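Have a look at run25.csv below; it lists CSV, C-alpha atoms.
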chain,number,residue,atom,x,y,z
A,1,MET,CA,5.4,9.3,-21.1
A,2,THR,CA,8.9,10.1,-20.0
A,3,ASP,CA,9.4,11.1,-16.4
A,4,PHE,CA,13.1,10.9,-16.5
A,5,LYS,CA,15.7,12.8,-18.5
A,6,ILE,CA,19.5,12.5,-18.7
A,7,HIS,CA,21.7,15.3,-20.0
A,8,GLN,CA,25.4,14.7,-20.6
A,9,ARG,CA,28.1,17.5,-20.5
A,10,ASP,CA,31.7,16.7,-21.3
A,11,GLY,CA,34.3,18.8,-19.7
A,12,GLU,CA,38.1,18.5,-19.7
A,13,GLY,CA,38.6,14.8,-18.7
A,14,VAL,CA,35.3,14.7,-16.8
A,15,SER,CA,31.8,13.9,-18.0
A,16,VAL,CA,28.9,15.2,-16.0
A,17,ILE,CA,25.5,13.5,-16.4
A,18,GLU,CA,22.6,15.4,-15.0
A,19,LEU,CA,19.6,13.4,-13.9
A,20,LYS,CA,16.1,14.9,-13.9
A,21,GLY,CA,12.8,13.4,-12.7
A,22,TYR,CA,12.0,9.9,-11.5
A,23,LEU,CA,14.5,7.1,-11.6
A,24,ASP,CA,12.7,3.8,-11.1
A,25,ALA,CA,12.4,0.3,-12.7
A,26,HIS,CA,10.8,1.9,-15.7
A,27,THR,CA,13.4,4.6,-16.3
A,28,ALA,CA,16.6,2.8,-15.0
A,29,PRO,CA,17.3,1.3,-18.5
A,30,ASP,CA,17.8,4.9,-19.8
A,31,LEU,CA,20.6,5.4,-17.2
A,32,GLU,CA,22.0,2.0,-18.1
A,33,THR,CA,22.2,3.1,-21.8
A,34,ALA,CA,24.0,6.4,-20.7
A,35,PHE,CA,26.6,4.4,-18.7
A,36,GLN,CA,27.1,2.0,-21.6
A,37,LYS,CA,27.7,4.9,-23.9
A,38,LEU,CA,30.2,6.4,-21.6
A,39,LEU,CA,32.1,3.1,-21.4
A,40,THR,CA,32.1,2.8,-25.2
A,41,GLU,CA,33.5,6.3,-25.5
A,42,LYS,CA,36.1,5.4,-22.8
A,43,LYS,CA,34.9,8.2,-20.6
A,44,TYR,CA,35.6,6.9,-17.1
A,45,ASN,CA,35.6,10.0,-15.0
A,46,ILE,CA,31.9,10.5,-14.3
A,47,VAL,CA,30.1,13.0,-12.1
A,48,VAL,CA,26.4,12.3,-11.6
A,49,ASN,CA,24.6,15.5,-10.7
A,50,CYS,CA,21.3,14.6,-8.9
A,51,ARG,CA,20.1,18.2,-8.4
A,52,ASP,CA,16.9,17.7,-10.3
A,53,LEU,CA,16.4,14.0,-9.4
A,54,SER,CA,13.1,13.9,-7.6
A,55,TYR,CA,12.9,10.2,-6.9
A,56,ILE,CA,15.1,7.1,-6.9
A,57,SER,CA,14.2,3.4,-6.2
A,58,SER,CA,16.6,0.5,-5.8
A,59,ALA,CA,16.3,-0.2,-9.5
A,60,GLY,CA,18.1,3.1,-10.1
A,61,LEU,CA,20.7,2.5,-7.4
A,62,GLY,CA,21.3,-0.9,-9.0
A,63,VAL,CA,22.6,0.7,-12.2
A,64,PHE,CA,25.3,2.6,-10.3
A,65,MET,CA,26.3,-0.7,-8.7
A,66,ALA,CA,26.4,-2.6,-12.0
A,67,TYR,CA,28.8,-0.1,-13.7
A,68,VAL,CA,31.1,1.2,-11.0
A,69,GLU,CA,33.4,-1.8,-11.0
A,70,ASP,CA,34.1,-1.6,-14.7
A,71,ILE,CA,34.6,2.2,-14.4
A,72,ARG,CA,37.1,1.8,-11.5
A,73,LYS,CA,39.0,-0.9,-13.3
A,74,ASN,CA,39.7,1.7,-15.9
A,75,LYS,CA,41.0,4.1,-13.2
A,76,GLY,CA,37.8,6.1,-13.3
A,77,ASP,CA,35.0,6.6,-10.8
A,78,ILE,CA,31.4,7.6,-10.5
A,79,LYS,CA,31.0,10.5,-8.1
A,80,LEU,CA,27.6,11.6,-7.0
A,81,THR,CA,26.6,15.2,-6.2
A,82,ASN,CA,23.8,17.7,-5.4
A,83,MET,CA,21.4,15.2,-3.9
A,84,THR,CA,18.2,16.4,-2.2
A,85,PRO,CA,17.9,15.0,1.4
A,86,LYS,CA,15.1,12.7,0.2
A,87,VAL,CA,17.2,11.1,-2.5
A,88,TYR,CA,20.3,11.0,-0.2
A,89,ASN,CA,18.3,9.1,2.3
A,90,VAL,CA,17.7,6.2,-0.1
A,91,PHE,CA,21.5,6.0,-0.9
A,92,ASP,CA,22.3,6.2,2.8
A,93,LEU,CA,19.8,3.4,3.7
A,94,LEU,CA,21.7,1.1,1.4
A,95,GLY,CA,25.1,2.1,2.6
A,96,PHE,CA,26.2,3.9,-0.6
A,97,PRO,CA,28.2,6.6,1.3
A,98,ILE,CA,30.8,4.0,2.3
A,99,LEU,CA,31.5,2.9,-1.3
A,100,TYR,CA,30.8,6.0,-3.3
A,101,GLU,CA,32.0,9.5,-3.0
A,102,ILE,CA,29.1,11.9,-2.6
A,103,TYR,CA,29.6,15.6,-2.7
A,104,LYS,CA,27.3,18.6,-2.0
A,105,ASP,CA,28.4,20.3,-5.2
A,106,GLU,CA,29.4,19.2,-8.7
A,107,LYS,CA,32.4,21.4,-8.7
A,108,GLU,CA,33.9,19.6,-5.6
A,109,ALA,CA,33.7,16.3,-7.5
A,110,ILE,CA,35.3,17.7,-10.6
A,111,VAL,CA,38.1,19.1,-8.5
A,112,ARG,CA,38.7,15.7,-7.0
A,113,PHE,CA,39.1,14.1,-10.4
A,114,ASN,CA,41.5,16.9,-11.4
A,115,VAL,CA,43.5,16.5,-8.2
A,116,LEU,CA,43.9,12.7,-8.9
A,117,LYS,CA,45.2,13.2,-12.5
B,1,MET,CA,-11.0,-4.4,13.1
B,2,ILE,CA,-10.9,-2.8,9.6
B,3,SER,CA,-14.0,-1.3,8.2
B,4,ARG,CA,-14.7,-2.3,4.6
B,5,ARG,CA,-15.7,1.2,3.7
B,6,ASN,CA,-12.2,2.4,4.5
B,7,LEU,CA,-10.7,0.2,1.8
B,8,ILE,CA,-9.1,2.0,-1.1
B,9,ILE,CA,-8.2,-0.3,-4.0
B,10,LYS,CA,-6.2,0.2,-7.2
B,11,ARG,CA,-5.5,-2.4,-9.9
B,12,ILE,CA,-2.8,-2.0,-12.5
B,13,PRO,CA,-1.4,-4.1,-15.3
B,14,SER,CA,2.0,-5.5,-14.5
B,15,ARG,CA,4.1,-2.9,-16.3
B,16,THR,CA,6.9,-0.7,-14.9
B,17,GLU,CA,5.3,2.3,-16.7
B,18,ASN,CA,2.5,2.1,-14.1
B,19,LEU,CA,4.7,2.5,-11.1
B,20,LEU,CA,4.3,6.3,-11.2
B,21,GLU,CA,0.5,5.9,-11.0
B,22,VAL,CA,0.8,3.6,-8.0
B,23,ARG,CA,3.2,6.0,-6.3
B,24,GLU,CA,0.8,8.9,-6.8
B,25,PHE,CA,-2.1,6.8,-5.5
B,26,VAL,CA,-0.3,5.7,-2.3
B,27,GLY,CA,1.2,9.1,-1.8
B,28,THR,CA,-2.2,10.8,-1.9
B,29,ALA,CA,-3.7,8.3,0.6
B,30,ALA,CA,-0.7,8.6,3.0
B,31,ARG,CA,-0.9,12.4,2.9
B,32,SER,CA,-4.6,12.4,3.7
B,33,PHE,CA,-3.8,10.0,6.6
B,34,GLY,CA,-1.7,12.7,8.0
B,35,PHE,CA,1.9,11.4,7.7
B,36,SER,CA,4.9,13.6,7.5
B,37,GLU,CA,6.5,14.1,4.1
B,38,GLU,CA,9.4,11.9,5.2
B,39,ASP,CA,7.0,9.0,6.1
B,40,ILE,CA,5.1,9.5,2.9
B,41,ALA,CA,8.3,9.3,0.8
B,42,ASN,CA,9.2,6.1,2.7
B,43,ILE,CA,5.8,4.5,2.2
B,44,VAL,CA,5.7,5.4,-1.5
B,45,LEU,CA,9.2,3.9,-2.0
B,46,ALA,CA,8.3,0.7,-0.2
B,47,VAL,CA,5.2,0.2,-2.3
B,48,ASP,CA,7.2,0.9,-5.5
B,49,GLU,CA,9.8,-1.8,-4.4
B,50,ALA,CA,7.1,-4.3,-3.7
B,51,CYS,CA,5.4,-3.7,-7.1
B,52,THR,CA,8.7,-3.8,-8.9
B,53,ASN,CA,9.5,-7.2,-7.3
B,54,ILE,CA,6.2,-8.5,-8.5
B,55,ILE,CA,6.7,-7.3,-12.0
B,56,LYS,CA,10.3,-8.7,-12.1
B,57,HIS,CA,10.0,-11.9,-10.1
B,58,ALA,CA,6.4,-13.0,-9.7
B,59,TYR,CA,5.4,-12.1,-13.3
B,60,GLN,CA,8.9,-12.1,-14.8
B,61,TYR,CA,8.0,-9.0,-16.9
B,62,ALA,CA,4.8,-10.4,-18.4
B,63,ASN,CA,3.0,-7.2,-19.0
B,64,ASP,CA,-0.6,-8.4,-19.1
B,65,ARG,CA,-1.0,-9.6,-15.5
B,66,GLU,CA,-2.7,-7.8,-12.6
B,67,ILE,CA,-1.3,-6.2,-9.5
B,68,GLU,CA,-3.9,-5.1,-6.8
B,69,VAL,CA,-2.9,-2.5,-4.3
B,70,THR,CA,-5.3,-2.2,-1.3
B,71,ILE,CA,-4.9,0.5,1.3
B,72,LEU,CA,-6.5,-0.1,4.7
B,73,PRO,CA,-6.2,3.0,6.9
B,74,SER,CA,-7.2,2.4,10.6
B,75,GLN,CA,-7.0,4.4,13.8
B,76,GLN,CA,-3.4,3.3,14.6
B,77,SER,CA,-1.9,2.2,11.3
B,78,PHE,CA,-1.7,2.6,7.5
B,79,GLU,CA,-1.6,-0.8,5.9
B,80,ILE,CA,-1.0,-1.6,2.2
B,81,ARG,CA,-1.7,-5.0,0.9
B,82,ILE,CA,-0.4,-5.9,-2.6
B,83,PHE,CA,-1.6,-8.9,-4.4
B,84,ASP,CA,-0.5,-10.9,-7.4
B,85,ASN,CA,-1.1,-14.3,-8.8
B,86,GLY,CA,2.4,-15.0,-10.2
B,87,LYS,CA,5.3,-17.0,-8.9
B,88,ALA,CA,6.2,-17.0,-5.3
B,89,PHE,CA,9.7,-16.1,-4.0
B,90,ASP,CA,11.2,-16.4,-0.6
B,91,PRO,CA,12.2,-13.0,0.7
B,92,GLU,CA,13.8,-14.7,3.8
B,93,ALA,CA,16.2,-16.5,1.5
B,94,LEU,CA,17.7,-13.2,0.5
B,95,ARG,CA,20.6,-12.2,2.7
B,96,PRO,CA,20.9,-8.6,3.7
B,97,PRO,CA,22.7,-6.9,0.9
B,98,ASN,CA,26.5,-6.7,1.0
B,99,LEU,CA,27.2,-3.7,-1.2
B,100,LYS,CA,30.8,-4.6,-1.8
B,101,GLU,CA,29.8,-8.1,-2.9
B,102,HIS,CA,27.1,-6.7,-5.1
B,103,ILE,CA,29.5,-4.4,-6.9
B,104,GLY,CA,32.1,-7.1,-7.3
B,105,HIS,CA,29.6,-9.4,-9.0
B,106,HIS,CA,27.9,-6.7,-11.0
B,107,ARG,CA,24.7,-7.6,-9.1
B,108,ARG,CA,22.0,-5.0,-9.0
B,109,GLY,CA,19.0,-6.8,-7.5
B,110,GLY,CA,18.0,-7.9,-4.0
B,111,LEU,CA,18.0,-4.4,-2.5
B,112,GLY,CA,14.2,-3.9,-2.6
B,113,VAL,CA,13.3,-6.4,0.0
B,114,TYR,CA,15.9,-4.9,2.4
B,115,LEU,CA,14.7,-1.4,1.7
B,116,MET,CA,11.1,-2.3,2.3
B,117,LYS,CA,12.1,-3.6,5.8
B,118,ARG,CA,14.0,-0.4,6.6
B,119,LEU,CA,11.3,1.9,5.3
B,120,MET,CA,8.2,0.3,7.0
B,121,ASP,CA,7.4,-0.8,10.5
B,122,LYS,CA,6.3,-4.2,9.4
B,123,VAL,CA,6.5,-6.3,6.2
B,124,GLU,CA,4.7,-9.6,5.9
B,125,TYR,CA,4.3,-12.1,3.1
B,126,SER,CA,2.0,-14.9,2.3
B,127,PHE,CA,2.2,-17.1,-0.8
B,128,ASN,CA,-0.1,-19.2,-2.7
B,129,PRO,CA,1.8,-19.5,-6.1
B,130,GLY,CA,-0.3,-18.9,-9.2
B,131,LYS,CA,-3.4,-18.1,-7.1
B,132,LYS,CA,-2.7,-15.3,-4.6
B,133,ASN,CA,0.5,-13.9,-3.2
B,134,GLU,CA,0.3,-11.1,-0.8
B,135,VAL,CA,2.7,-8.5,0.6
B,136,ARG,CA,1.6,-6.5,3.6
B,137,LEU,CA,3.3,-3.2,4.4
B,138,ILE,CA,2.4,-1.5,7.6
B,139,LYS,CA,3.3,1.9,9.0
B,140,TYR,CA,2.0,2.9,12.4
B,141,ARG,CA,0.7,6.2,13.3
B,142,SER,CA,3.0,7.9,15.8
B,143,THR,CA,2.8,11.3,17.4
B,144,SER,CA,6.3,12.2,16.0
B,145,SER,CA,5.4,11.2,12.4
B,146,VAL,CA,1.9,12.8,12.2
B,147,VAL,CA,1.7,16.3,10.9
B,148,SER,CA,-2.0,16.9,11.4
B,149,GLY,CA,-3.8,14.8,14.0
B,150,ARG,CA,-7.1,13.3,13.0
What does the file become when written as C-alpha coordinates?
Amino acid sequence: MTDFKIHQRDGEGVSVIELKGYLDAHTAPDLETAFQKLLTEKKYNIVVNCRDLSYISSAGLGVFMAYVEDIRKNKGDIKLTNMTPKVYNVFDLLGFPILYEIYKDEKEAIVRFNVLK
Amino acid sequence: MISRRNLIIKRIPSRTENLLEVREFVGTAARSFGFSEEDIANIVLAVDEACTNIIKHAYQYANDREIEVTILPSQQSFEIRIFDNGKAFDPEALRPPNLKEHIGHHRRGGLGVYLMKRLMDKVEYSFNPGKKNEVRLIKYRSTSSVVSGR
(Lines of atoms letter the chains of each structure in order from A and count residues from 1; the text may use other names and numbers.)
(Lines give C-alpha, C1' and ligand atoms only; values in the text may rest on other atoms or scores of the structure.)
Protein backbone atom coordinates (compact mmCIF):
# COMPACT_ATOMS: atom_id res chain seq x y z
CA MET A 1 0.00 0.00 0.00
CA THR A 2 1.44 3.35 -1.02
CA ASP A 3 0.17 6.36 0.85
CA PHE A 4 2.70 8.75 -0.56
CA LYS A 5 3.47 9.93 -4.07
CA ILE A 6 6.16 12.14 -5.56
CA HIS A 7 5.89 13.82 -8.92
CA GLN A 8 8.82 15.69 -10.44
CA ARG A 9 8.51 18.51 -12.96
CA ASP A 10 11.61 20.06 -14.45
CA GLY A 11 11.35 23.67 -15.58
CA GLU A 12 14.04 26.08 -16.72
CA GLY A 13 16.76 25.71 -14.13
CA VAL A 14 14.33 24.70 -11.39
CA SER A 15 12.95 21.28 -10.49
CA VAL A 16 9.62 21.10 -8.73
CA ILE A 17 8.73 18.04 -6.72
CA GLU A 18 5.14 17.65 -5.68
CA LEU A 19 4.42 15.62 -2.58
CA LYS A 20 1.09 13.91 -2.07
CA GLY A 21 -0.24 11.94 0.88
CA TYR A 22 1.48 10.83 4.05
CA LEU A 23 5.19 11.38 4.66
CA ASP A 24 6.28 9.28 7.62
CA ALA A 25 9.03 6.81 8.56
CA HIS A 26 7.57 4.34 6.08
CA THR A 27 7.49 6.68 3.09
CA ALA A 28 10.49 8.94 3.89
CA PRO A 29 12.88 6.62 1.95
CA ASP A 30 10.91 7.47 -1.23
CA LEU A 31 11.66 11.16 -0.71
CA GLU A 32 15.27 10.30 -0.02
CA THR A 33 15.46 8.46 -3.35
CA ALA A 34 13.99 11.51 -5.10
CA PHE A 35 16.65 13.82 -3.59
CA GLN A 36 19.43 11.38 -4.45
CA LYS A 37 18.20 11.33 -8.04
CA LEU A 38 18.16 15.14 -8.17
CA LEU A 39 21.72 15.28 -6.85
CA THR A 40 22.87 12.68 -9.37
CA GLU A 41 21.27 14.72 -12.14
CA LYS A 42 22.98 17.84 -10.72
CA LYS A 43 19.62 19.55 -10.26
CA TYR A 44 20.22 21.74 -7.25
CA ASN A 45 17.45 24.33 -7.54
CA ILE A 46 14.58 22.50 -5.94
CA VAL A 47 11.08 23.61 -5.06
CA VAL A 48 9.05 21.22 -2.94
CA ASN A 49 5.34 21.80 -3.44
CA CYS A 50 3.47 20.50 -0.37
CA ARG A 51 -0.06 21.35 -1.54
CA ASP A 52 -1.28 17.75 -1.43
CA LEU A 53 0.86 16.68 1.50
CA SER A 54 -1.63 15.57 4.14
CA TYR A 55 0.78 14.62 6.88
CA ILE A 56 4.44 14.83 7.86
CA SER A 57 6.36 13.39 10.80
CA SER A 58 9.93 14.08 11.87
CA ALA A 59 11.15 11.22 9.66
CA GLY A 60 10.03 13.27 6.67
CA LEU A 61 11.56 16.50 7.95
CA GLY A 62 14.79 14.62 8.55
CA VAL A 63 15.15 14.00 4.82
CA PHE A 64 15.10 17.74 4.07
CA MET A 65 17.75 18.23 6.73
CA ALA A 66 19.94 15.45 5.39
CA TYR A 67 20.13 16.84 1.86
CA VAL A 68 19.98 20.62 2.16
CA GLU A 69 23.66 21.06 3.00
CA ASP A 70 24.87 19.19 -0.10
CA ILE A 71 22.41 21.10 -2.25
CA ARG A 72 23.49 24.48 -0.85
CA LYS A 73 27.18 23.59 -1.29
CA ASN A 74 26.35 23.34 -4.98
CA LYS A 75 24.79 26.82 -4.91
CA GLY A 76 21.29 25.44 -4.94
CA ASP A 77 18.53 25.32 -2.35
CA ILE A 78 15.40 23.51 -1.23
CA LYS A 79 12.51 25.94 -1.07
CA LEU A 80 9.21 24.74 0.38
CA THR A 81 5.80 25.93 -0.77
CA ASN A 82 2.01 25.56 -0.55
CA MET A 83 1.86 23.99 2.90
CA THR A 84 -1.44 23.46 4.66
CA PRO A 85 -1.53 25.01 8.16
CA LYS A 86 -1.37 21.52 9.69
CA VAL A 87 1.82 20.62 7.85
CA TYR A 88 3.34 24.09 8.38
CA ASN A 89 2.78 23.70 12.13
CA VAL A 90 5.15 20.70 12.25
CA PHE A 91 7.87 22.54 10.30
CA ASP A 92 7.36 25.54 12.57
CA LEU A 93 7.60 23.54 15.81
CA LEU A 94 11.04 22.35 14.76
CA GLY A 95 12.26 25.79 13.73
CA PHE A 96 12.40 25.17 9.99
CA PRO A 97 11.27 28.68 8.96
CA ILE A 98 14.59 30.05 10.24
CA LEU A 99 16.71 27.83 8.01
CA TYR A 100 14.46 27.17 5.04
CA GLU A 101 12.63 29.52 2.74
CA ILE A 102 8.93 28.72 2.87
CA TYR A 103 6.56 30.35 0.39
CA LYS A 104 2.80 30.38 0.06
CA ASP A 105 2.98 29.67 -3.61
CA GLU A 106 5.27 27.66 -5.87
CA LYS A 107 5.59 30.55 -8.33
CA GLU A 108 7.14 32.82 -5.67
CA ALA A 109 9.84 30.22 -4.97
CA ILE A 110 10.62 29.79 -8.67
CA VAL A 111 10.91 33.57 -9.05
CA ARG A 112 13.38 33.64 -6.16
CA PHE A 113 15.60 31.12 -7.93
CA ASN A 114 15.42 33.07 -11.16
CA VAL A 115 16.25 36.37 -9.40
CA LEU A 116 19.36 34.79 -7.90
CA LYS A 117 20.68 33.51 -11.22
CA MET B 1 -8.80 6.15 38.84
CA ILE B 2 -9.04 4.59 35.41
CA SER B 3 -11.83 2.19 34.71
CA ARG B 4 -10.64 -0.94 32.93
CA ARG B 5 -13.62 -0.95 30.62
CA ASN B 6 -12.47 2.37 29.16
CA LEU B 7 -9.24 0.83 27.89
CA ILE B 8 -8.78 0.66 24.15
CA ILE B 9 -5.90 -1.52 23.03
CA LYS B 10 -4.18 -2.09 19.70
CA ARG B 11 -1.20 -4.33 19.02
CA ILE B 12 0.84 -4.02 15.86
CA PRO B 13 3.97 -5.70 14.50
CA SER B 14 7.01 -3.41 14.59
CA ARG B 15 6.91 -2.24 10.98
CA THR B 16 6.72 1.29 9.66
CA GLU B 17 3.94 0.24 7.26
CA ASN B 18 1.71 -0.09 10.35
CA LEU B 19 2.13 3.55 11.40
CA LEU B 20 -0.85 4.58 9.30
CA GLU B 21 -3.07 2.07 11.11
CA VAL B 22 -1.91 3.36 14.51
CA ARG B 23 -2.54 6.96 13.47
CA GLU B 24 -6.07 6.10 12.38
CA PHE B 25 -6.72 4.18 15.59
CA VAL B 26 -5.53 7.03 17.83
CA GLY B 27 -7.19 9.71 15.69
CA THR B 28 -10.57 8.02 15.91
CA ALA B 29 -10.31 7.68 19.70
CA ALA B 30 -9.16 11.31 20.13
CA ARG B 31 -12.01 12.54 17.94
CA SER B 32 -14.64 10.66 19.93
CA PHE B 33 -13.07 12.09 23.10
CA GLY B 34 -14.03 15.51 21.75
CA PHE B 35 -10.67 17.12 20.97
CA SER B 36 -10.33 19.84 18.36
CA GLU B 37 -8.84 18.91 14.97
CA GLU B 38 -5.59 20.66 15.98
CA ASP B 39 -5.29 18.64 19.17
CA ILE B 40 -6.15 15.43 17.31
CA ALA B 41 -3.38 16.13 14.78
CA ASN B 42 -0.90 16.79 17.59
CA ILE B 43 -1.81 13.61 19.48
CA VAL B 44 -1.65 11.48 16.33
CA LEU B 45 1.79 12.88 15.43
CA ALA B 46 3.13 12.32 18.96
CA VAL B 47 2.03 8.67 18.87
CA ASP B 48 3.57 8.23 15.41
CA GLU B 49 6.87 9.64 16.74
CA ALA B 50 6.81 7.32 19.77
CA CYS B 51 6.10 4.23 17.63
CA THR B 52 8.74 5.25 15.07
CA ASN B 53 11.30 5.57 17.89
CA ILE B 54 10.41 2.07 19.09
CA ILE B 55 10.77 0.58 15.61
CA LYS B 56 14.09 2.36 15.00
CA HIS B 57 15.75 2.32 18.42
CA ALA B 58 14.10 -0.26 20.68
CA TYR B 59 13.69 -2.92 17.98
CA GLN B 60 16.30 -1.60 15.54
CA TYR B 61 14.02 -2.35 12.59
CA ALA B 62 13.35 -5.99 13.54
CA ASN B 63 9.93 -6.35 11.95
CA ASP B 64 8.47 -9.23 13.95
CA ARG B 65 8.26 -7.62 17.39
CA GLU B 66 5.18 -6.19 19.04
CA ILE B 67 4.12 -2.66 19.89
CA GLU B 68 1.10 -2.25 22.13
CA VAL B 69 -0.82 1.00 22.13
CA THR B 70 -3.29 1.45 24.97
CA ILE B 71 -5.61 4.43 25.23
CA LEU B 72 -6.99 5.41 28.60
CA PRO B 73 -9.57 8.15 28.35
CA SER B 74 -10.65 9.63 31.66
CA GLN B 75 -12.73 12.59 32.73
CA GLN B 76 -9.83 15.04 32.61
CA SER B 77 -7.29 13.50 30.30
CA PHE B 78 -6.55 11.36 27.29
CA GLU B 79 -3.59 9.12 27.96
CA ILE B 80 -1.79 6.85 25.51
CA ARG B 81 0.58 4.21 26.83
CA ILE B 82 2.88 2.58 24.33
CA PHE B 83 4.72 -0.59 25.27
CA ASP B 84 7.62 -2.50 23.74
CA ASN B 85 10.06 -5.12 24.95
CA GLY B 86 13.14 -3.97 23.09
CA LYS B 87 16.21 -1.94 24.00
CA ALA B 88 15.86 1.06 26.28
CA PHE B 89 17.12 4.49 25.36
CA ASP B 90 17.51 7.57 27.47
CA PRO B 91 15.39 10.37 26.05
CA GLU B 92 16.88 12.81 28.57
CA ALA B 93 20.30 12.20 27.05
CA LEU B 94 19.07 13.80 23.85
CA ARG B 95 19.71 17.50 23.76
CA PRO B 96 17.05 19.77 22.31
CA PRO B 97 17.64 19.74 18.58
CA ASN B 98 19.87 22.41 17.12
CA LEU B 99 18.74 22.54 13.53
CA LYS B 100 21.89 24.21 12.23
CA GLU B 101 24.02 21.52 13.84
CA HIS B 102 21.76 18.79 12.47
CA ILE B 103 22.08 20.12 8.96
CA GLY B 104 25.85 20.60 9.22
CA HIS B 105 26.30 17.00 10.32
CA HIS B 106 23.70 15.54 7.95
CA ARG B 107 21.81 14.34 11.00
CA ARG B 108 18.18 13.52 10.68
CA GLY B 109 17.19 11.85 13.93
CA GLY B 110 16.53 13.08 17.45
CA LEU B 111 13.63 15.30 16.50
CA GLY B 112 10.84 12.95 17.54
CA VAL B 113 11.43 13.12 21.30
CA TYR B 114 11.47 16.92 21.17
CA LEU B 115 8.32 17.01 19.05
CA MET B 116 6.46 14.70 21.43
CA LYS B 117 7.22 17.08 24.31
CA ARG B 118 5.96 20.05 22.33
CA LEU B 119 2.82 18.30 21.13
CA MET B 120 1.62 16.75 24.39
CA ASP B 121 1.00 18.10 27.91
CA LYS B 122 3.07 15.37 29.52
CA VAL B 123 5.50 12.71 28.29
CA GLU B 124 6.84 10.07 30.67
CA TYR B 125 9.05 7.04 30.18
CA SER B 126 9.80 3.92 32.14
CA PHE B 127 12.28 1.28 31.08
CA ASN B 128 12.82 -2.37 31.81
CA PRO B 129 15.00 -3.37 28.84
CA GLY B 130 14.01 -6.57 27.06
CA LYS B 131 10.95 -6.91 29.26
CA LYS B 132 8.73 -3.87 29.16
CA ASN B 133 9.45 -0.29 28.19
CA GLU B 134 6.68 2.25 28.37
CA VAL B 135 6.04 5.71 26.98
CA ARG B 136 3.08 7.64 28.39
CA LEU B 137 1.67 10.53 26.40
CA ILE B 138 -0.93 12.67 28.11
CA LYS B 139 -3.19 15.42 26.80
CA TYR B 140 -5.52 17.15 29.23
CA ARG B 141 -9.03 18.08 28.40
CA SER B 142 -9.33 21.84 28.40
CA THR B 143 -12.30 24.01 27.63
CA SER B 144 -10.44 25.72 24.81
CA SER B 145 -9.46 22.46 23.13
CA VAL B 146 -12.74 20.61 23.39
CA VAL B 147 -15.13 20.95 20.49
CA SER B 148 -18.07 19.06 21.93
CA GLY B 149 -18.36 18.74 25.69
CA ARG B 150 -19.14 15.31 27.08
If we count all atoms listed in the file and set the cut-off at 9 Å, which residues sit around Glu106 (chain A), ignoring sequence neighbours fewer than 2 positions away in its own chain? Please answer as a PyMOL selection string. chain A and resi 16+47-49+79-82+103-104+108-111
Around the point (11.9, 14.5, 2.3) (coordinates from the file), which residues reach within 12 Å if we count all atoms listed in the file? Answer as a PyMOL selection string. (chain A and resi 54-55+83-90) or (chain B and resi 35-45)
Return as a PyMOL selection string the residues belonging to chain A that are within 9 Å of chain B, counting only C-alpha atoms. chain A and resi 1+3+22+24-27+55-59+61-70+86+90+93-96+99
Computed interatomic separation between CA of His7 (chain A) and CA of Arg72 (chain A) (Å):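 CA of His7 (chain A) sits 22.2 Å away from CA of Arg72 (chain A).
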Need the axis-aligned box for region 48-54 of chain B with 5 Å each side, so what are the centre and edges in Å to one decimal, as AutoDock Vina command-line options?
--center_x 7.6 --center_y -3.8 --center_z -6.3 --size_x 14.4 --size_y 19.4 --size_z 15.2
Which polymer residues, protein or nucleic acid, are no farther than 9 Å from (-1.2, 4.0, -5.9), counting only C-alpha atoms, as a ChimeraX atom specification? /B:9-11,19-29,44,47-48,69-71
Mind giving me the straight-line distance from CA of Met116 (chain B) to CA of Phe89 (chain B) in Å, one decimal?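 These atoms are spaced 15.2 Å apart.
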Can you pull out every residue within 12 Å of region 72-75 of chain B, counting all atoms listed in the file, but drop anything in the same chain fewer than 2 positions away, and send it as a ChimeraX atom specification? /B:1-10,26,29-35,69-70,77-82,136-142,149-150
How many Å separate CA of Asp64 (chain B) from CA of Glu134 (chain B)? 18.5 Å
